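Q: Sharing query_6.cif, mmCIF, N, CA and C atoms:
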```cif
data_start
#
loop_
_atom_site.label_atom_id
_atom_site.label_comp_id
_atom_site.auth_asym_id
_atom_site.auth_seq_id
_atom_site.Cartn_x
_atom_site.Cartn_y
_atom_site.Cartn_z
N MET A 1 17.84 -1.08 -18.19
CA MET A 1 16.68 -0.94 -17.36
C MET A 1 17.11 -0.44 -15.99
N GLU A 2 16.37 0.50 -15.46
CA GLU A 2 16.62 1.01 -14.13
C GLU A 2 16.05 0.03 -13.09
N PRO A 3 16.72 -0.11 -11.95
CA PRO A 3 16.16 -0.95 -10.89
C PRO A 3 14.78 -0.42 -10.47
N PHE A 4 13.90 -1.34 -10.04
CA PHE A 4 12.60 -0.92 -9.53
C PHE A 4 12.22 -1.83 -8.37
N SER A 5 11.21 -1.39 -7.60
CA SER A 5 10.82 -2.12 -6.40
C SER A 5 9.33 -2.43 -6.42
N MET A 6 8.99 -3.47 -5.66
CA MET A 6 7.61 -3.82 -5.40
C MET A 6 7.48 -4.10 -3.90
N THR A 7 6.32 -3.80 -3.33
CA THR A 7 6.10 -4.03 -1.91
C THR A 7 4.81 -4.79 -1.67
N LYS A 8 4.80 -5.49 -0.54
CA LYS A 8 3.60 -6.15 -0.04
C LYS A 8 3.77 -6.24 1.47
N GLY A 9 2.94 -5.51 2.20
CA GLY A 9 3.09 -5.47 3.65
C GLY A 9 4.44 -4.87 4.01
N THR A 10 5.24 -5.62 4.77
CA THR A 10 6.56 -5.12 5.17
C THR A 10 7.68 -5.64 4.27
N GLU A 11 7.32 -6.44 3.26
CA GLU A 11 8.34 -7.00 2.36
C GLU A 11 8.59 -6.07 1.17
N VAL A 12 9.84 -6.02 0.74
CA VAL A 12 10.23 -5.21 -0.41
C VAL A 12 11.07 -6.09 -1.34
N LYS A 13 10.73 -6.09 -2.62
CA LYS A 13 11.52 -6.78 -3.64
C LYS A 13 12.12 -5.71 -4.56
N VAL A 14 13.43 -5.80 -4.78
CA VAL A 14 14.11 -4.89 -5.70
C VAL A 14 14.61 -5.72 -6.87
N PHE A 15 14.30 -5.27 -8.07
CA PHE A 15 14.67 -5.97 -9.30
C PHE A 15 15.71 -5.15 -10.05
N HIS A 16 16.75 -5.81 -10.55
CA HIS A 16 17.67 -5.17 -11.48
C HIS A 16 18.28 -6.23 -12.38
N LEU A 17 18.93 -5.79 -13.44
CA LEU A 17 19.51 -6.70 -14.43
C LEU A 17 21.03 -6.61 -14.38
N GLU A 18 21.70 -7.75 -14.61
CA GLU A 18 23.16 -7.83 -14.69
C GLU A 18 23.54 -8.62 -15.93
N ASP A 19 24.84 -8.75 -16.18
CA ASP A 19 25.36 -9.56 -17.30
C ASP A 19 24.74 -9.16 -18.64
N ASN A 20 24.94 -7.90 -19.00
CA ASN A 20 24.38 -7.38 -20.27
C ASN A 20 22.87 -7.55 -20.33
N ASP A 21 22.22 -7.35 -19.20
CA ASP A 21 20.76 -7.42 -19.06
C ASP A 21 20.19 -8.81 -19.31
N ALA A 22 21.00 -9.86 -19.16
CA ALA A 22 20.52 -11.23 -19.36
C ALA A 22 20.22 -11.95 -18.05
N THR A 23 20.60 -11.37 -16.91
CA THR A 23 20.35 -11.99 -15.61
C THR A 23 19.48 -11.07 -14.77
N ILE A 24 18.36 -11.60 -14.29
CA ILE A 24 17.48 -10.85 -13.41
C ILE A 24 17.92 -11.14 -11.97
N VAL A 25 18.11 -10.08 -11.20
CA VAL A 25 18.48 -10.22 -9.78
C VAL A 25 17.33 -9.65 -8.95
N ILE A 26 16.83 -10.46 -8.01
CA ILE A 26 15.72 -10.05 -7.16
C ILE A 26 16.20 -10.13 -5.71
N THR A 27 16.20 -8.99 -5.03
CA THR A 27 16.60 -8.93 -3.63
C THR A 27 15.35 -8.66 -2.79
N THR A 28 15.06 -9.55 -1.84
CA THR A 28 13.88 -9.43 -1.01
C THR A 28 14.30 -9.15 0.43
N THR A 29 13.72 -8.10 1.01
CA THR A 29 13.98 -7.76 2.41
C THR A 29 12.65 -7.59 3.13
N ASP A 30 12.72 -7.63 4.45
CA ASP A 30 11.54 -7.42 5.28
C ASP A 30 11.84 -6.28 6.23
N THR A 31 11.13 -5.16 6.07
CA THR A 31 11.40 -3.99 6.91
C THR A 31 11.02 -4.23 8.36
N ALA A 32 10.18 -5.23 8.64
CA ALA A 32 9.81 -5.55 10.01
C ALA A 32 10.88 -6.38 10.71
N ALA A 33 11.82 -6.92 9.94
CA ALA A 33 12.89 -7.75 10.50
C ALA A 33 14.22 -7.35 9.86
N PRO A 34 14.70 -6.12 10.13
CA PRO A 34 15.92 -5.66 9.46
C PRO A 34 17.17 -6.46 9.84
N GLU A 35 17.10 -7.22 10.93
CA GLU A 35 18.26 -8.03 11.31
C GLU A 35 18.42 -9.26 10.41
N ARG A 36 17.35 -9.63 9.73
CA ARG A 36 17.40 -10.76 8.80
C ARG A 36 18.12 -10.35 7.53
N PRO A 37 19.07 -11.14 7.05
CA PRO A 37 19.76 -10.78 5.80
C PRO A 37 18.79 -10.86 4.62
N PRO A 38 19.02 -10.05 3.60
CA PRO A 38 18.14 -10.11 2.43
C PRO A 38 18.30 -11.44 1.69
N HIS A 39 17.23 -11.84 1.04
CA HIS A 39 17.27 -13.03 0.19
C HIS A 39 17.52 -12.55 -1.23
N VAL A 40 18.52 -13.12 -1.90
CA VAL A 40 18.85 -12.73 -3.27
C VAL A 40 18.61 -13.92 -4.18
N GLY A 41 17.83 -13.69 -5.23
CA GLY A 41 17.55 -14.72 -6.21
C GLY A 41 18.00 -14.28 -7.59
N TYR A 42 18.35 -15.24 -8.43
CA TYR A 42 18.83 -14.95 -9.78
C TYR A 42 18.04 -15.77 -10.78
N GLU A 43 17.75 -15.16 -11.91
CA GLU A 43 17.11 -15.87 -13.03
C GLU A 43 17.96 -15.60 -14.26
N GLN A 44 18.67 -16.63 -14.72
CA GLN A 44 19.55 -16.49 -15.89
C GLN A 44 18.73 -16.68 -17.15
N CYS A 45 18.85 -15.74 -18.07
CA CYS A 45 18.15 -15.79 -19.34
C CYS A 45 19.17 -15.83 -20.48
N GLU A 46 18.70 -16.17 -21.66
CA GLU A 46 19.58 -16.26 -22.83
C GLU A 46 20.04 -14.89 -23.32
N ASN A 47 19.14 -13.89 -23.21
CA ASN A 47 19.46 -12.57 -23.74
C ASN A 47 18.54 -11.53 -23.10
N GLU A 48 18.73 -10.28 -23.51
CA GLU A 48 17.94 -9.19 -22.94
C GLU A 48 16.45 -9.32 -23.25
N ASP A 49 16.11 -9.74 -24.46
CA ASP A 49 14.70 -9.90 -24.82
C ASP A 49 14.02 -10.91 -23.92
N GLU A 50 14.68 -12.04 -23.68
CA GLU A 50 14.09 -13.06 -22.82
C GLU A 50 13.98 -12.55 -21.38
N SER A 51 14.99 -11.85 -20.90
CA SER A 51 14.93 -11.35 -19.52
C SER A 51 13.81 -10.34 -19.36
N GLN A 52 13.55 -9.51 -20.36
CA GLN A 52 12.45 -8.55 -20.29
C GLN A 52 11.11 -9.29 -20.22
N ALA A 53 10.95 -10.34 -21.01
CA ALA A 53 9.70 -11.12 -21.00
C ALA A 53 9.51 -11.81 -19.65
N VAL A 54 10.57 -12.40 -19.12
CA VAL A 54 10.49 -13.07 -17.82
C VAL A 54 10.17 -12.05 -16.73
N LEU A 55 10.80 -10.90 -16.77
CA LEU A 55 10.56 -9.85 -15.78
C LEU A 55 9.11 -9.39 -15.83
N GLN A 56 8.57 -9.20 -17.02
CA GLN A 56 7.16 -8.81 -17.14
C GLN A 56 6.25 -9.86 -16.53
N LYS A 57 6.57 -11.13 -16.73
CA LYS A 57 5.77 -12.21 -16.15
C LYS A 57 5.88 -12.20 -14.63
N PHE A 58 7.10 -12.01 -14.09
CA PHE A 58 7.27 -11.90 -12.64
C PHE A 58 6.38 -10.80 -12.07
N VAL A 59 6.45 -9.62 -12.69
CA VAL A 59 5.68 -8.47 -12.20
C VAL A 59 4.18 -8.77 -12.27
N PHE A 60 3.73 -9.33 -13.37
CA PHE A 60 2.32 -9.68 -13.53
C PHE A 60 1.88 -10.65 -12.44
N ASP A 61 2.65 -11.70 -12.23
CA ASP A 61 2.30 -12.70 -11.21
C ASP A 61 2.30 -12.10 -9.81
N LEU A 62 3.30 -11.27 -9.49
CA LEU A 62 3.36 -10.65 -8.17
C LEU A 62 2.20 -9.69 -7.95
N GLN A 63 1.82 -8.95 -8.97
CA GLN A 63 0.68 -8.04 -8.83
C GLN A 63 -0.60 -8.82 -8.56
N ARG A 64 -0.74 -9.97 -9.17
CA ARG A 64 -1.92 -10.82 -8.91
C ARG A 64 -1.91 -11.34 -7.48
N GLN A 65 -0.72 -11.41 -6.86
CA GLN A 65 -0.60 -11.87 -5.47
C GLN A 65 -0.68 -10.71 -4.48
N GLY A 66 -0.93 -9.49 -4.96
CA GLY A 66 -1.10 -8.35 -4.07
C GLY A 66 0.10 -7.43 -3.92
N TRP A 67 1.18 -7.69 -4.66
CA TRP A 67 2.35 -6.80 -4.62
C TRP A 67 2.05 -5.56 -5.46
N THR A 68 2.62 -4.41 -5.04
CA THR A 68 2.42 -3.17 -5.79
C THR A 68 3.77 -2.58 -6.18
N LEU A 69 3.80 -1.97 -7.36
CA LEU A 69 5.00 -1.29 -7.83
C LEU A 69 5.21 -0.01 -7.04
N VAL A 70 6.46 0.28 -6.71
CA VAL A 70 6.81 1.52 -6.03
C VAL A 70 7.19 2.54 -7.09
N GLU A 71 6.54 3.67 -7.04
CA GLU A 71 6.85 4.75 -8.00
C GLU A 71 8.21 5.33 -7.69
N PRO A 72 9.05 5.55 -8.70
CA PRO A 72 10.37 6.15 -8.45
C PRO A 72 10.20 7.57 -7.89
N SER A 73 11.10 7.93 -6.99
CA SER A 73 10.98 9.27 -6.39
C SER A 73 11.79 10.29 -7.13
#
```
I'd like the structure from this file rewritten - as structure tokens, please.

A:
Amino acid sequence: MEPFSMTKGTEVKVFHLEDNDATIVITTTDTAAPERPPHVGYEQCENEDESQAVLQKFVFDLQRQGWTLVEPS
């Protein structure tokens, strides 16, 4: 899976997978406060299928909270 981003206001979340696509890594930054270090979160899954399902749920929940997917350039 290619990394992708979501935004809400000045916040940006970047999602990518590690460990044979079994670990979801979410890096959150705030463009209004670039001096603040990014927050990095991890979600360990059993396998790639589970990580894909969890990722879809994350995206669904964030979209309901007003986050939007950034189209790749």

Q: Name every residue that the PyMOL selection byres (((chain A and resi 40-54 and name CA) around 12) and name CA) selects in this structure, writing the answer as a short mmCIF file (atom, residue, chain, number, x, y, z; two decimals) with N, CA and C atoms, in the coordinates of the input with chains first and numbers rising.

A:
```
data_model
loop_
_atom_site.label_atom_id
_atom_site.label_comp_id
_atom_site.auth_asym_id
_atom_site.auth_seq_id
_atom_site.Cartn_x
_atom_site.Cartn_y
_atom_site.Cartn_z
N MET A 1 17.84 -1.08 -18.19
CA MET A 1 16.68 -0.94 -17.36
C MET A 1 17.11 -0.44 -15.99
N VAL A 12 9.84 -6.02 0.74
CA VAL A 12 10.23 -5.21 -0.41
C VAL A 12 11.07 -6.09 -1.34
N LYS A 13 10.73 -6.09 -2.62
CA LYS A 13 11.52 -6.78 -3.64
C LYS A 13 12.12 -5.71 -4.56
N VAL A 14 13.43 -5.80 -4.78
CA VAL A 14 14.11 -4.89 -5.70
C VAL A 14 14.61 -5.72 -6.87
N PHE A 15 14.30 -5.27 -8.07
CA PHE A 15 14.67 -5.97 -9.30
C PHE A 15 15.71 -5.15 -10.05
N HIS A 16 16.75 -5.81 -10.55
CA HIS A 16 17.67 -5.17 -11.48
C HIS A 16 18.28 -6.23 -12.38
N LEU A 17 18.93 -5.79 -13.44
CA LEU A 17 19.51 -6.70 -14.43
C LEU A 17 21.03 -6.61 -14.38
N GLU A 18 21.70 -7.75 -14.61
CA GLU A 18 23.16 -7.83 -14.69
C GLU A 18 23.54 -8.62 -15.93
N ASP A 19 24.84 -8.75 -16.18
CA ASP A 19 25.36 -9.56 -17.30
C ASP A 19 24.74 -9.16 -18.64
N ASN A 20 24.94 -7.90 -19.00
CA ASN A 20 24.38 -7.38 -20.27
C ASN A 20 22.87 -7.55 -20.33
N ASP A 21 22.22 -7.35 -19.20
CA ASP A 21 20.76 -7.42 -19.06
C ASP A 21 20.19 -8.81 -19.31
N ALA A 22 21.00 -9.86 -19.16
CA ALA A 22 20.52 -11.23 -19.36
C ALA A 22 20.22 -11.95 -18.05
N THR A 23 20.60 -11.37 -16.91
CA THR A 23 20.35 -11.99 -15.61
C THR A 23 19.48 -11.07 -14.77
N ILE A 24 18.36 -11.60 -14.29
CA ILE A 24 17.48 -10.85 -13.41
C ILE A 24 17.92 -11.14 -11.97
N VAL A 25 18.11 -10.08 -11.20
CA VAL A 25 18.48 -10.22 -9.78
C VAL A 25 17.33 -9.65 -8.95
N ILE A 26 16.83 -10.46 -8.01
CA ILE A 26 15.72 -10.05 -7.16
C ILE A 26 16.20 -10.13 -5.71
N THR A 27 16.20 -8.99 -5.03
CA THR A 27 16.60 -8.93 -3.63
C THR A 27 15.35 -8.66 -2.79
N THR A 28 15.06 -9.55 -1.84
CA THR A 28 13.88 -9.43 -1.01
C THR A 28 14.30 -9.15 0.43
N THR A 29 13.72 -8.10 1.01
CA THR A 29 13.98 -7.76 2.41
C THR A 29 12.65 -7.59 3.13
N PRO A 37 19.07 -11.14 7.05
CA PRO A 37 19.76 -10.78 5.80
C PRO A 37 18.79 -10.86 4.62
N PRO A 38 19.02 -10.05 3.60
CA PRO A 38 18.14 -10.11 2.43
C PRO A 38 18.30 -11.44 1.69
N HIS A 39 17.23 -11.84 1.04
CA HIS A 39 17.27 -13.03 0.19
C HIS A 39 17.52 -12.55 -1.23
N LEU A 55 10.80 -10.90 -16.77
CA LEU A 55 10.56 -9.85 -15.78
C LEU A 55 9.11 -9.39 -15.83
N GLN A 56 8.57 -9.20 -17.02
CA GLN A 56 7.16 -8.81 -17.14
C GLN A 56 6.25 -9.86 -16.53
N LYS A 57 6.57 -11.13 -16.73
CA LYS A 57 5.77 -12.21 -16.15
C LYS A 57 5.88 -12.20 -14.63
N PHE A 58 7.10 -12.01 -14.09
CA PHE A 58 7.27 -11.90 -12.64
C PHE A 58 6.38 -10.80 -12.07
N VAL A 59 6.45 -9.62 -12.69
CA VAL A 59 5.68 -8.47 -12.20
C VAL A 59 4.18 -8.77 -12.27
N PHE A 60 3.73 -9.33 -13.37
CA PHE A 60 2.32 -9.68 -13.53
C PHE A 60 1.88 -10.65 -12.44
N ASP A 61 2.65 -11.70 -12.23
CA ASP A 61 2.30 -12.70 -11.21
C ASP A 61 2.30 -12.10 -9.81
#
```

Q: Would you list, as a PyMOL selection string, the residues of chain A that end up in helix (DSSP H, G or I) under DSSP run on this structure's backbone?

A: chain A and resi 48-64

Q: Rounded to one decimal in Å, what is the spacing between atom CA of A:Pro3 and atom CA of A:Pro72?

A: 9.5 Å

Q: State, in Å with one decimal place, the distance from atom N of A:Ala33 to atom N of A:Glu11.

A: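 Answer for the atom N of A:Ala33 to atom N of A:Glu11 separation: 8.1 Å.
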
Q: Run DSSP on the backbone and tell me which residues of chain A come out as strand (DSSP E); list them as number ranges by chain.

A: A: 4-8, 11-18, 23-30, 39-44, 68-69

Q: To one decimal place, how far is atom N of A:Thr10 from atom C of A:Trp67 in Å?

A: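 Going from atom N of A:Thr10 over to atom C of A:Trp67 covers 10.7 Å.
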
Q: Considering all atoms listed in the file, state which residue in the set A:Thr31, A:Arg64, A:Val70, A:Arg36 is at the smallest distance from A:Ser5.

A: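 Under the stated criterion, the closest residue is A:Val70.
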